[in-house]
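A.B. asks: Got a file for you: query.txt, compact mmCIF, C-alpha atoms.
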# COMPACT_ATOMS: atom_id res chain seq x y z
CA MET A 1424 81.09 106.43 109.42
CA ALA A 1425 83.87 108.61 110.79
CA THR A 1426 83.21 112.25 110.05
CA VAL A 1427 86.32 114.27 109.31
CA PRO A 1428 86.12 117.39 111.52
CA THR A 1429 86.26 120.83 109.95
CA VAL A 1430 89.26 122.94 110.93
CA PRO A 1431 88.05 126.42 111.93
CA THR A 1432 89.47 129.56 110.39
CA PHE A 1433 90.76 132.42 112.47
CA THR A 1434 90.83 136.04 111.33
CA ALA A 1435 93.21 138.61 112.73
CA GLY A 1436 91.75 140.69 115.53
CA THR A 1437 88.90 138.35 116.49
CA VAL A 1438 88.57 136.49 119.75
CA ALA A 1439 88.15 132.74 119.47
CA THR A 1440 84.89 131.49 120.96
CA ALA A 1441 84.53 128.35 123.04
CA ALA A 1442 82.71 126.71 120.12
CA THR A 1443 85.59 127.52 117.74
CA LEU A 1444 88.17 126.18 120.20
CA ASN A 1445 86.11 122.99 120.66
CA GLN A 1446 85.99 122.61 116.87
CA LEU A 1447 89.78 123.02 116.73
CA GLY A 1448 90.17 120.49 119.55
CA SER A 1449 88.06 117.95 117.63
CA ALA A 1450 90.22 118.40 114.53
CA VAL A 1451 93.45 117.93 116.52
CA SER A 1452 92.06 114.85 118.31
CA PHE A 1453 91.11 113.34 114.94
CA LEU A 1454 94.66 113.87 113.65
CA LEU A 1455 96.27 112.43 116.78
CA GLN A 1456 93.94 109.41 116.95
CA PRO A 1457 92.65 108.66 113.44
CA PRO A 1458 89.93 106.05 112.90
CA ARG A 1459 91.37 102.56 113.31
CA SER A 1460 90.00 99.08 113.11
CA VAL A 1461 91.70 95.97 114.49
CA ILE A 1462 90.30 92.65 113.31
CA GLN A 1463 91.96 89.94 115.37
CA GLN A 1464 91.51 86.24 115.86
CA THR A 1465 91.25 85.35 119.53
CA ASN A 1466 91.89 82.13 121.38
CA VAL A 1467 88.42 81.85 122.90
CA ALA A 1468 85.40 79.73 122.01
CA PRO A 1469 84.22 79.16 119.34
CA VAL A 1470 87.61 79.68 117.67
CA SER A 1471 89.91 78.21 120.30
CA GLY A 1472 92.36 75.76 118.83
CA GLY A 1473 92.57 77.60 115.51
CA GLN A 1474 90.11 78.42 112.78
CA SER A 1475 90.05 78.54 109.03
CA ILE A 1476 89.77 82.17 107.94
CA PRO A 1477 88.84 82.49 104.25
CA ALA A 1478 89.06 86.30 104.38
CA THR A 1479 89.78 88.92 107.00
CA GLN A 1480 87.88 91.92 105.68
CA TYR A 1481 87.40 95.64 106.46
CA THR A 1482 84.87 97.89 104.68
CA ALA A 1483 85.82 101.59 104.36
CA GLN A 1484 83.50 103.98 106.19
CA THR A 1485 85.46 107.11 105.29
CA PRO A 1486 86.99 107.74 101.86
CA GLY A 1487 90.77 108.06 101.90
CA TYR A 1488 94.10 106.27 102.12
CA TYR A 1489 94.62 103.64 104.80
CA ARG A 1490 97.66 101.99 106.35
CA LEU A 1491 97.27 98.22 106.50
CA ASP A 1492 99.17 95.94 108.85
CA GLY A 1493 98.40 92.25 108.63
CA VAL A 1494 99.72 89.03 110.11
CA TRP A 1495 98.48 85.50 109.70
CA GLN A 1496 99.93 82.83 111.86
CA ALA A 1497 99.88 79.10 111.14
CA THR A 1498 99.77 76.40 113.76
CA ALA A 1499 102.68 74.06 114.40
CA GLU A 1500 104.05 73.01 111.03
CA THR A 1501 103.75 69.39 110.04
CA THR A 1502 104.15 69.87 106.29
CA ALA A 1503 107.01 71.53 104.40
CA GLY A 1504 106.12 74.11 101.75
CA TYR A 1505 105.44 77.81 101.22
CA ARG A 1506 103.27 80.36 103.03
CA GLY A 1507 102.43 83.94 102.12
CA ALA A 1508 99.97 86.80 102.44
CA TYR A 1509 98.83 89.87 100.52
CA PHE A 1510 96.12 92.53 100.55
CA ARG A 1511 93.25 92.69 98.09
CA ILE A 1512 90.83 95.61 97.65
CA THR A 1513 87.43 95.07 96.05
CA THR A 1514 85.61 98.21 94.90
CA GLY A 1515 82.14 98.94 96.23
CA THR A 1516 79.08 100.67 94.81
CA ASN A 1517 80.41 104.19 95.60
CA ASN A 1518 83.62 103.72 93.62
CA PRO A 1519 83.56 105.77 90.38
CA GLY A 1520 85.44 102.96 88.60
CA GLY A 1521 82.58 100.56 89.24
CA ALA A 1522 81.86 97.87 91.81
CA GLY A 1523 83.51 94.46 92.03
CA LEU A 1524 86.98 95.36 90.68
CA THR A 1525 89.93 93.89 92.58
CA THR A 1526 93.48 95.11 93.16
CA SER A 1527 96.09 92.96 94.93
CA PHE A 1528 99.23 94.42 96.53
CA GLY A 1529 101.60 94.22 99.49
CA SER A 1530 102.65 90.61 98.97
CA SER A 1531 104.92 88.91 101.50
CA ARG A 1532 106.11 85.31 101.35
CA LEU A 1533 108.46 83.33 103.53
CA ALA A 1534 111.13 81.16 102.06
CA ASN A 1535 109.97 77.58 101.58
CA VAL A 1536 110.04 75.52 104.74
CA THR A 1537 112.07 72.47 103.78
CA SER A 1538 111.36 70.42 106.88
CA ALA A 1539 108.56 70.39 109.39
CA THR A 1540 108.99 69.36 112.98
CA GLY A 1541 105.47 69.85 114.28
CA VAL A 1542 106.60 72.37 116.88
CA ASN A 1543 107.28 75.54 114.90
CA TYR A 1544 104.76 78.27 114.19
CA THR A 1545 104.93 80.38 111.05
CA ALA A 1546 103.83 84.03 110.98
CA ILE A 1547 103.57 86.08 107.80
CA GLY A 1548 103.46 89.87 108.14
CA THR A 1549 102.82 92.55 105.55
CA SER A 1550 102.26 96.31 105.72
CA MET A 1551 101.24 98.84 103.06
CA ILE A 1552 99.36 102.06 102.25
CA THR A 1553 96.24 101.41 100.17
CA PRO A 1554 95.25 103.01 96.91
CA TYR A 1555 92.47 105.59 97.50
CA MET A 1556 89.43 103.78 98.96
CA TYR A 1557 85.85 104.98 98.63
CA VAL A 1558 83.06 104.24 101.13
CA LEU A 1559 82.04 100.56 100.79
CA ASP A 1560 85.31 99.50 99.13
CA TYR A 1561 86.70 96.66 101.21
CA VAL A 1562 90.13 95.25 101.87
CA GLU A 1563 91.04 91.67 102.77
CA LEU A 1564 94.16 90.02 104.10
CA ILE A 1565 94.59 86.96 101.90
CA ALA A 1566 96.69 84.11 103.29
CA TYR A 1567 97.93 81.30 101.08
CA SER A 1568 99.91 78.12 101.54
CA SER A 1569 101.07 75.12 99.56
CA HIS A 1570 98.85 72.94 101.76
CA ALA A 1571 95.91 73.17 104.19
CA GLU A 1572 96.63 75.36 107.23
CA THR A 1573 94.95 76.33 110.46
CA THR A 1574 95.64 79.65 112.14
CA GLY A 1575 97.52 79.67 115.43
CA PHE A 1576 97.66 81.82 118.55
CA THR A 1577 101.28 82.16 119.61
CA ASP A 1578 102.09 85.87 120.13
CA GLY A 1579 98.53 87.07 119.53
CA GLY A 1580 97.29 85.14 116.50
CA SER A 1581 96.25 86.47 113.11
CA TYR A 1582 95.07 90.08 112.65
CA LEU A 1583 94.42 92.94 110.23
CA THR A 1584 94.80 96.55 111.40
CA VAL A 1585 93.38 99.35 109.22
CA THR A 1586 94.20 103.00 110.05
CA LEU A 1587 93.00 106.07 108.11
CA VAL A 1588 96.10 108.12 107.20
CA SER A 1589 94.82 110.68 104.68
CA VAL A 1590 91.52 111.88 103.25
Translate this structure into structure tokens?
C.D. replies:
Amino acid sequence: MATVPTVPTFTAGTVATAATLNQLGSAVSFLLQPPRSVIQQTNVAPVSGGQSIPATQYTAQTPGYYRLDGVWQATAETTAGYRGAYFRITTGTNNPGGAGLTTSFGSSRLANVTSATGVNYTAIGTSMITPYMYVLDYVELIAYSSHAETTGFTDGGSYLTVTLVSV
């Protein structure tokens, strides 16, 4: 769990101690490099050649608002149809609203592919700020398609990035 550092207080006429300056430095470092998680599919065994990903999921370790950036990439298209993605939060046991409640948001969908050549990759990207998340709430990047898909690896593959932006 990421601990949010305490910002020290300074009173007029006092000299800042090394401990107080270190505390201030920790708070500034936290603001400049907030906790971040990158969940990314890689093109190495055992997932080389694509994998089916039912859910790409991150569980909150610090309560707050998070920025989500997600991309899922399909392999070379051989079937025409639609593809899309969205985020879904499921509440955990620490959420005052109760556990197991879901909220979907941040939907993105490409226009229908009307022909498929077998050589084109499709990537769906979406980005959003979450509702307030409590510890143990989790967020998923949900990918959907009009037909069976396998993820691809051109330009880095599928990923979900989660960055704490406000507590």
A.B. asks: Which protein, DNA or RNA residues have an atom at most 12 Å from (90.9, 94.8, 97.9), counting only C-alpha atoms? List them as a PyMOL selection string.
C.D. replies: chain A and resi 1478-1483+1489+1491+1509-1515+1522-1529+1552-1557+1559-1565
A.B. asks: If you count all atoms listed in the file, which residues fall within 10 Å of Thr1426 of chain A, apart from same-chain ones fewer than 5 positions away, as a list in words?
C.D. replies: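 Listing them by chain and then by number gives Phe1453, Pro1458, Gln1484 and Thr1485 of chain A.
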A.B. asks: Could you check how far atom CA of Gly1493 of chain A sits from atom CA of Val1461 of chain A, in Å to one decimal?
C.D. replies: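 Distance reported for this atom pair: 9.6 Å.
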A.B. asks: So, with all atoms listed in the file as the atoms that count, which of A:Ala1546, A:Tyr1567, A:Leu1583, A:Gly1504 lies closest to Ser1530 of chain A?
C.D. replies: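 Of all the options, A:Tyr1567 lies closest to Ser1530 of chain A.
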A.B. asks: Provide the atom CA of Leu1533 of chain A to atom CA of Gly1580 of chain A distance in Å, to one decimal place.
C.D. replies: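 So the answer is 17.2 Å.
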A.B. asks: Just the residues within 8 Å of Gly1548 of chain A, please, counting all atoms listed in the file, with nothing from its chain fewer than 2 positions along; format it as a list in words.
C.D. replies: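 Contacts, in chain order: Asp1492, Gly1493, Val1494, Trp1495, Ala1508, Ser1531, Ala1546 and Ser1550 of chain A.
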A.B. asks: Go ahead and compute the interatomic distance for atom CA of Gln1496 of chain A and atom CA of Tyr1582 of chain A, in Å to one decimal.
C.D. replies: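 Atom-to-atom, atom CA of Gln1496 of chain A to atom CA of Tyr1582 of chain A, that is 8.8 Å.
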A.B. asks: Around all of segment 1452-1457 of chain A's listed atoms, make the axis-aligned box with 5 Å on each side and tell me centre and edge lengths in Å to one decimal, as lines of an AutoDock Vina configuration file.
C.D. replies:
center_x = 93.7
center_y = 111.8
center_z = 115.9
size_x = 15.2
size_y = 16.2
size_z = 14.9
A.B. asks: So which residues touch Pro1428 of chain A within 12 Å, counting all atoms listed in the file, skipping near sequence neighbours fewer than 6 positions away, as a ChimeraX atom specification?
C.D. replies: /A:1443,1445-1454,1457,1590
A.B. asks: For each of A:Ser1589, A:Thr1574, A:Ser1460, A:Thr1437, take the minimum atom-to-atom distance to Ala1497 of chain A, counting all atoms listed in the file, then give the residue where this is smallest.
C.D. replies: A:Thr1574
A.B. asks: For Arg1506 of chain A, which residue out of A:Val1430, A:Arg1532, A:Gln1456, A:Val1588 is the nearest one, using all atoms listed in the file?
C.D. replies: A:Arg1532
A.B. asks: Could you please give me, as a list in words, the residues of protein, DNA or RNA lying at most 6 Å from (94.1, 101.2, 108.4) in the coordinate frame of the file, considering only C-alpha atoms?
C.D. replies: Arg1459, Tyr1489, Arg1490, Leu1491, Thr1584, Val1585, Thr1586 and Leu1587 of chain A
